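Just below is one structure, and these are the notes that go with it.
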Amino acid sequence: MTEHRTDVRPRWPLPTSDYWSTPFAESLLQHLDLAPGASILDIASGHGIPAFYLAEQVGPIGQVLAIDHSESQVESARAIQGAQLPWLRFECLDMRALPSHLPCFDRITGNLSVMFFRPNRFEVVQGLVRHLKPGGQLVLTFPSLGTFDSLWRRIDQEMAVRGLLAERRRLEAYLAERPLAGEARGWLDRLHLTRVAVTEYPLNVATGPGKAFLHHPLLRGGFLDDAYECFDDQGLADEIMTRVSEDVGSFTPLIAQRCVLSGWKP
């Protein structure tokens with residue numbers, strides 16, 4: 001008997017060069033029940049992580065609608081797609097106000113999505129569940145409260161030394177917006193979803209001191225920018241963040257909490 005080997009490696013793998021979206025997408029896929037032919041709504045799809053991977057897995061008998069509020073992100077994803085995976089569509093839609101004519105899906109996924117649900121997070125999740133078929137699964141990922149806590153403490157310490165009360169209040173308000181894992185679970189419990197699971201996976205982000213920290217490809221694109229926004233005086237922000245960057249040893253290891261929220265609609 002001749003053994004036939006099939007190459008099952010995806011043509012659209014999660015990109016190893018993305019140090020933030022890919023690790024969260026990997027966590028999402030650990031919990032997502034994925035099968036050929038499924039219909040999927042992927043929210044906050046960005047430039048396609050993990051929409052391309054999902055489309056390849058469901059195959060041409062399935063469908064994936066990937067939505068994002070940013071026109072530039074949607075155009076970027078479409079440019080990457082070209083004429084491939086025609087059962088995958090990228091559309092510019094606001095997940096916080098899905099149109100009533102949108103159909104229901106077997107799966108709804110959202111990688112790094114929950115931070116965009118502000119200000120009414122529960123209502124956004126409620127709206128998503130309306131577009132989930134009975135027996136369908138919702139899986140969302142987000143950095144939960146506790147992500148990079150050691151860094152925020154070090155920045156707050158430097159602010160306190162300088163007596164920067166307004167900046168400290170802004171930093172505190174920013175951190176308070178990050179949801180707790182238990183809070184997220186409560187949303188799905190209130191909506192009577194079943195088999196609800198909330199799991200956190202730590203992600204260690206390695207960085208060196210000085211410029212290696214201040215221009216880290218993962219940190220500077222979002223988290224450090226959020227810290228800078230706490231200051232009215234950007235010269236003062238540069239001074240304090242430079243000071244923090246020279247003291248990396250006091251807040252490393254730098255740990256992000258990858259939180260995965262999953263539930264099934266009865």
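We label chains A, B, ... in the order they appear in the structure tokens, count residues from 1 in each chain, and number ligands from 1 in the order shown.
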Practice task
Tell me, as a PyMOL selection string, which residues lie within 6 Å of segment 170-187 of chain A, counting only C-alpha atoms; anything in the same chain fewer than 6 positions away does not count.
Solution key: chain A and resi 122+144-145+230
Just the selected residues (all heavy atoms), exported as a PDB file, in the first residue's frame, please.
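Output file result-v9.pdb is given in full below:
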```
ATOM      1  N   PHE A 122     -20.027  46.246  27.092  1.00  0.00           N
ATOM      2  CA  PHE A 122     -21.036  45.185  27.153  1.00  0.00           C
ATOM      3  C   PHE A 122     -22.006  45.294  25.984  1.00  0.00           C
ATOM      4  O   PHE A 122     -22.370  44.292  25.367  1.00  0.00           O
ATOM      5  CB  PHE A 122     -21.811  45.232  28.473  1.00  0.00           C
ATOM      6  CG  PHE A 122     -22.981  44.280  28.502  1.00  0.00           C
ATOM      7  CD1 PHE A 122     -22.774  42.921  28.642  1.00  0.00           C
ATOM      8  CD2 PHE A 122     -24.279  44.747  28.347  1.00  0.00           C
ATOM      9  CE1 PHE A 122     -23.852  42.025  28.637  1.00  0.00           C
ATOM     10  CE2 PHE A 122     -25.356  43.872  28.348  1.00  0.00           C
ATOM     11  CZ  PHE A 122     -25.140  42.504  28.489  1.00  0.00           C
ATOM     12  N   SER A 144      -5.250  42.088  28.903  1.00  0.00           N
ATOM     13  CA  SER A 144      -6.069  42.367  30.080  1.00  0.00           C
ATOM     14  C   SER A 144      -5.300  43.181  31.111  1.00  0.00           C
ATOM     15  O   SER A 144      -4.084  43.406  31.000  1.00  0.00           O
ATOM     16  CB  SER A 144      -6.569  41.057  30.693  1.00  0.00           C
ATOM     17  OG  SER A 144      -5.496  40.184  30.968  1.00  0.00           O
ATOM     18  N   LEU A 145      -6.028  43.630  32.118  1.00  0.00           N
ATOM     19  CA  LEU A 145      -5.442  44.411  33.201  1.00  0.00           C
ATOM     20  C   LEU A 145      -4.294  43.623  33.822  1.00  0.00           C
ATOM     21  O   LEU A 145      -4.442  42.443  34.144  1.00  0.00           O
ATOM     22  CB  LEU A 145      -6.497  44.715  34.266  1.00  0.00           C
ATOM     23  CG  LEU A 145      -6.098  45.713  35.343  1.00  0.00           C
ATOM     24  CD1 LEU A 145      -5.893  47.094  34.742  1.00  0.00           C
ATOM     25  CD2 LEU A 145      -7.166  45.781  36.429  1.00  0.00           C
ATOM     26  N   CYS A 230       0.039  61.195  28.020  1.00  0.00           N
ATOM     27  CA  CYS A 230      -0.317  61.680  29.365  1.00  0.00           C
ATOM     28  C   CYS A 230       0.290  63.047  29.649  1.00  0.00           C
ATOM     29  O   CYS A 230      -0.069  63.680  30.655  1.00  0.00           O
ATOM     30  CB  CYS A 230       0.160  60.684  30.427  1.00  0.00           C
ATOM     31  SG  CYS A 230      -0.665  59.086  30.374  1.00  0.00           S
TER      32      CYS A 230
END
```
Filtered DSSP result for segment 18-232 of chain A, state strand (DSSP E or B), as a tab-separated table (two decimals) with N, CA and C atoms, in the first residue's frame:
```tsv
chain	number	residue	atom	x	y	z
A	39	SER	N	-18.88	29.94	8.41
A	39	SER	CA	-18.96	31.37	8.13
A	39	SER	C	-18.43	32.12	9.35
A	40	ILE	N	-17.56	33.10	9.09
A	40	ILE	CA	-16.88	33.80	10.18
A	40	ILE	C	-16.97	35.30	9.97
A	41	LEU	N	-17.29	36.01	11.05
A	41	LEU	CA	-17.16	37.47	11.09
A	41	LEU	C	-15.93	37.77	11.93
A	42	ASP	N	-14.94	38.41	11.33
A	42	ASP	CA	-13.71	38.76	12.04
A	42	ASP	C	-13.69	40.27	12.22
A	43	ILE	N	-13.79	40.72	13.48
A	43	ILE	CA	-13.87	42.15	13.77
A	43	ILE	C	-12.50	42.71	14.11
A	63	GLN	N	-17.01	31.18	4.32
A	63	GLN	CA	-16.90	32.61	4.03
A	63	GLN	C	-16.37	33.33	5.25
A	64	VAL	N	-15.57	34.35	5.00
A	64	VAL	CA	-15.05	35.20	6.08
A	64	VAL	C	-15.30	36.65	5.70
A	65	LEU	N	-16.00	37.36	6.56
A	65	LEU	CA	-16.16	38.81	6.42
A	65	LEU	C	-15.29	39.45	7.50
A	66	ALA	N	-14.27	40.18	7.07
A	66	ALA	CA	-13.34	40.83	7.99
A	66	ALA	C	-13.61	42.33	7.96
A	67	ILE	N	-13.92	42.90	9.12
A	67	ILE	CA	-14.30	44.32	9.17
A	67	ILE	C	-13.36	45.10	10.08
A	68	ASP	N	-13.15	46.36	9.70
A	68	ASP	CA	-12.34	47.27	10.50
A	68	ASP	C	-12.86	48.68	10.28
A	88	LEU	N	-13.11	35.52	1.02
A	88	LEU	CA	-12.75	36.44	2.10
A	88	LEU	C	-12.99	37.86	1.62
A	89	ARG	N	-13.78	38.64	2.41
A	89	ARG	CA	-14.04	40.04	2.07
A	89	ARG	C	-13.60	40.94	3.21
A	90	PHE	N	-12.94	42.02	2.87
A	90	PHE	CA	-12.59	43.06	3.83
A	90	PHE	C	-13.49	44.26	3.60
A	91	GLU	N	-14.17	44.70	4.66
A	91	GLU	CA	-15.09	45.82	4.56
A	91	GLU	C	-14.83	46.82	5.69
A	92	CYS	N	-15.10	48.08	5.41
A	92	CYS	CA	-14.96	49.13	6.41
A	92	CYS	C	-16.29	49.29	7.14
A	105	PHE	N	-23.51	34.50	11.80
A	105	PHE	CA	-22.31	33.74	11.46
A	105	PHE	C	-22.14	32.56	12.41
A	106	ASP	N	-21.41	31.54	11.93
A	106	ASP	CA	-21.09	30.39	12.77
A	106	ASP	C	-20.07	30.76	13.84
A	107	ARG	N	-19.17	31.66	13.50
A	107	ARG	CA	-18.12	32.08	14.42
A	107	ARG	C	-17.94	33.59	14.31
A	108	ILE	N	-17.68	34.22	15.44
A	108	ILE	CA	-17.27	35.62	15.45
A	108	ILE	C	-15.96	35.70	16.20
A	109	THR	N	-14.96	36.25	15.55
A	109	THR	CA	-13.63	36.37	16.15
A	109	THR	C	-13.22	37.83	16.18
A	110	GLY	N	-12.35	38.15	17.13
A	110	GLY	CA	-11.84	39.50	17.23
A	110	GLY	C	-10.50	39.50	17.93
A	132	LEU	N	-24.58	36.14	15.93
A	132	LEU	CA	-24.02	34.80	16.08
A	132	LEU	C	-25.14	33.78	15.97
A	133	LYS	N	-24.96	32.77	15.14
A	133	LYS	CA	-25.98	31.74	14.98
A	133	LYS	C	-26.12	30.93	16.27
A	134	PRO	N	-27.29	30.38	16.55
A	134	PRO	CA	-27.41	29.42	17.65
A	134	PRO	C	-26.41	28.28	17.44
A	135	GLY	N	-25.71	27.94	18.50
A	135	GLY	CA	-24.65	26.93	18.39
A	135	GLY	C	-23.34	27.50	17.92
A	136	GLY	N	-23.29	28.82	17.70
A	136	GLY	CA	-22.07	29.47	17.23
A	136	GLY	C	-21.16	29.88	18.37
A	137	GLN	N	-19.91	30.18	18.03
A	137	GLN	CA	-18.90	30.50	19.03
A	137	GLN	C	-18.35	31.91	18.82
A	138	LEU	N	-18.16	32.61	19.93
A	138	LEU	CA	-17.53	33.93	19.97
A	138	LEU	C	-16.16	33.78	20.64
A	139	VAL	N	-15.10	34.28	20.00
A	139	VAL	CA	-13.76	34.24	20.59
A	139	VAL	C	-13.10	35.60	20.38
A	140	LEU	N	-12.74	36.25	21.47
A	140	LEU	CA	-12.09	37.56	21.44
A	140	LEU	C	-10.79	37.51	22.22
A	141	THR	N	-9.80	38.28	21.77
A	141	THR	CA	-8.57	38.40	22.55
A	141	THR	C	-8.29	39.86	22.86
A	142	PHE	N	-7.59	40.09	23.96
A	142	PHE	CA	-7.23	41.45	24.35
A	142	PHE	C	-6.15	41.39	25.43
A	143	PRO	N	-5.33	42.45	25.56
A	143	PRO	CA	-4.39	42.53	26.67
A	143	PRO	C	-5.16	42.96	27.92
A	194	THR	N	-22.92	29.80	26.84
A	194	THR	CA	-22.50	28.59	27.55
A	194	THR	C	-21.03	28.30	27.29
A	195	ARG	N	-20.50	27.36	28.06
A	195	ARG	CA	-19.10	26.95	27.94
A	195	ARG	C	-18.17	28.17	27.90
A	196	VAL	N	-18.49	29.14	28.76
A	196	VAL	CA	-17.69	30.37	28.80
A	196	VAL	C	-16.32	30.06	29.41
A	197	ALA	N	-15.28	30.53	28.74
A	197	ALA	CA	-13.92	30.33	29.23
A	197	ALA	C	-13.14	31.62	29.06
A	198	VAL	N	-12.39	32.00	30.08
A	198	VAL	CA	-11.49	33.15	30.01
A	198	VAL	C	-10.12	32.68	30.46
A	199	THR	N	-9.16	32.79	29.57
A	199	THR	CA	-7.82	32.26	29.84
A	199	THR	C	-6.78	33.33	29.54
A	200	GLU	N	-5.78	33.44	30.42
A	200	GLU	CA	-4.69	34.39	30.21
A	200	GLU	C	-3.38	33.65	29.95
A	201	TYR	N	-2.67	34.12	28.94
A	201	TYR	CA	-1.37	33.55	28.59
A	201	TYR	C	-0.32	34.67	28.68
A	202	PRO	N	0.67	34.54	29.56
A	202	PRO	CA	1.69	35.59	29.66
A	202	PRO	C	2.60	35.63	28.43
A	203	LEU	N	2.95	36.83	28.02
A	203	LEU	CA	3.87	37.04	26.90
A	203	LEU	C	5.00	37.93	27.37
A	204	ASN	N	6.21	37.40	27.36
A	204	ASN	CA	7.39	38.15	27.80
A	204	ASN	C	7.94	38.94	26.62
A	205	VAL	N	7.98	40.27	26.76
A	205	VAL	CA	8.50	41.14	25.70
A	205	VAL	C	9.91	41.57	26.08
```
Practice task
Counting only C-alpha atoms, figure out which residue out of A:Leu254, A:Leu218, A:Leu102, A:Ile80 gets nearest to Leu151 of chain A.
Solution key: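 Smallest separation from Leu151 of chain A among the options: A:Leu254.
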Practice task
Enumerate as a count of residues only all residues of segment 75-261 of chain A assigned to helix (DSSP H, G or I) by DSSP on the backbone, naming them with the chain letters and numbers the document uses.
Solution key: 84
Practice task
For segment 10-20 of chain A, please output as an MDAnalysis selection string all residues within 9 Å (counting only C-alpha atoms; exclusion window: fewer than 2 positions along the same chain).
Solution key: chainID A and resid 7:8 22:26 49:50 52:57 205 217:218
Taking 4 positions as the minimum chain separation for residues in the same chain, which residues sit within 10 Å of Thr252 of chain A when counting only C-alpha atoms? Answer as a PDB file with C-alpha atoms, in the first residue's frame.
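Dumped to part05.pdb:
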```
ATOM      1  CA  PHE A 148       3.044  45.762  31.474  1.00  0.00           C
ATOM      2  CA  SER A 150       5.852  46.908  36.009  1.00  0.00           C
ATOM      3  CA  LEU A 151       6.429  49.533  33.293  1.00  0.00           C
ATOM      4  CA  ASN A 204       7.388  38.148  27.796  1.00  0.00           C
ATOM      5  CA  VAL A 205       8.499  41.137  25.703  1.00  0.00           C
ATOM      6  CA  ALA A 206      12.288  41.372  25.632  1.00  0.00           C
ATOM      7  CA  THR A 207      13.907  44.788  25.351  1.00  0.00           C
ATOM      8  CA  GLY A 208      17.218  46.499  25.937  1.00  0.00           C
ATOM      9  CA  ASP A 247      16.383  51.833  34.085  1.00  0.00           C
ATOM     10  CA  VAL A 248      15.020  48.843  32.140  1.00  0.00           C
TER      11      VAL A 248
END
```
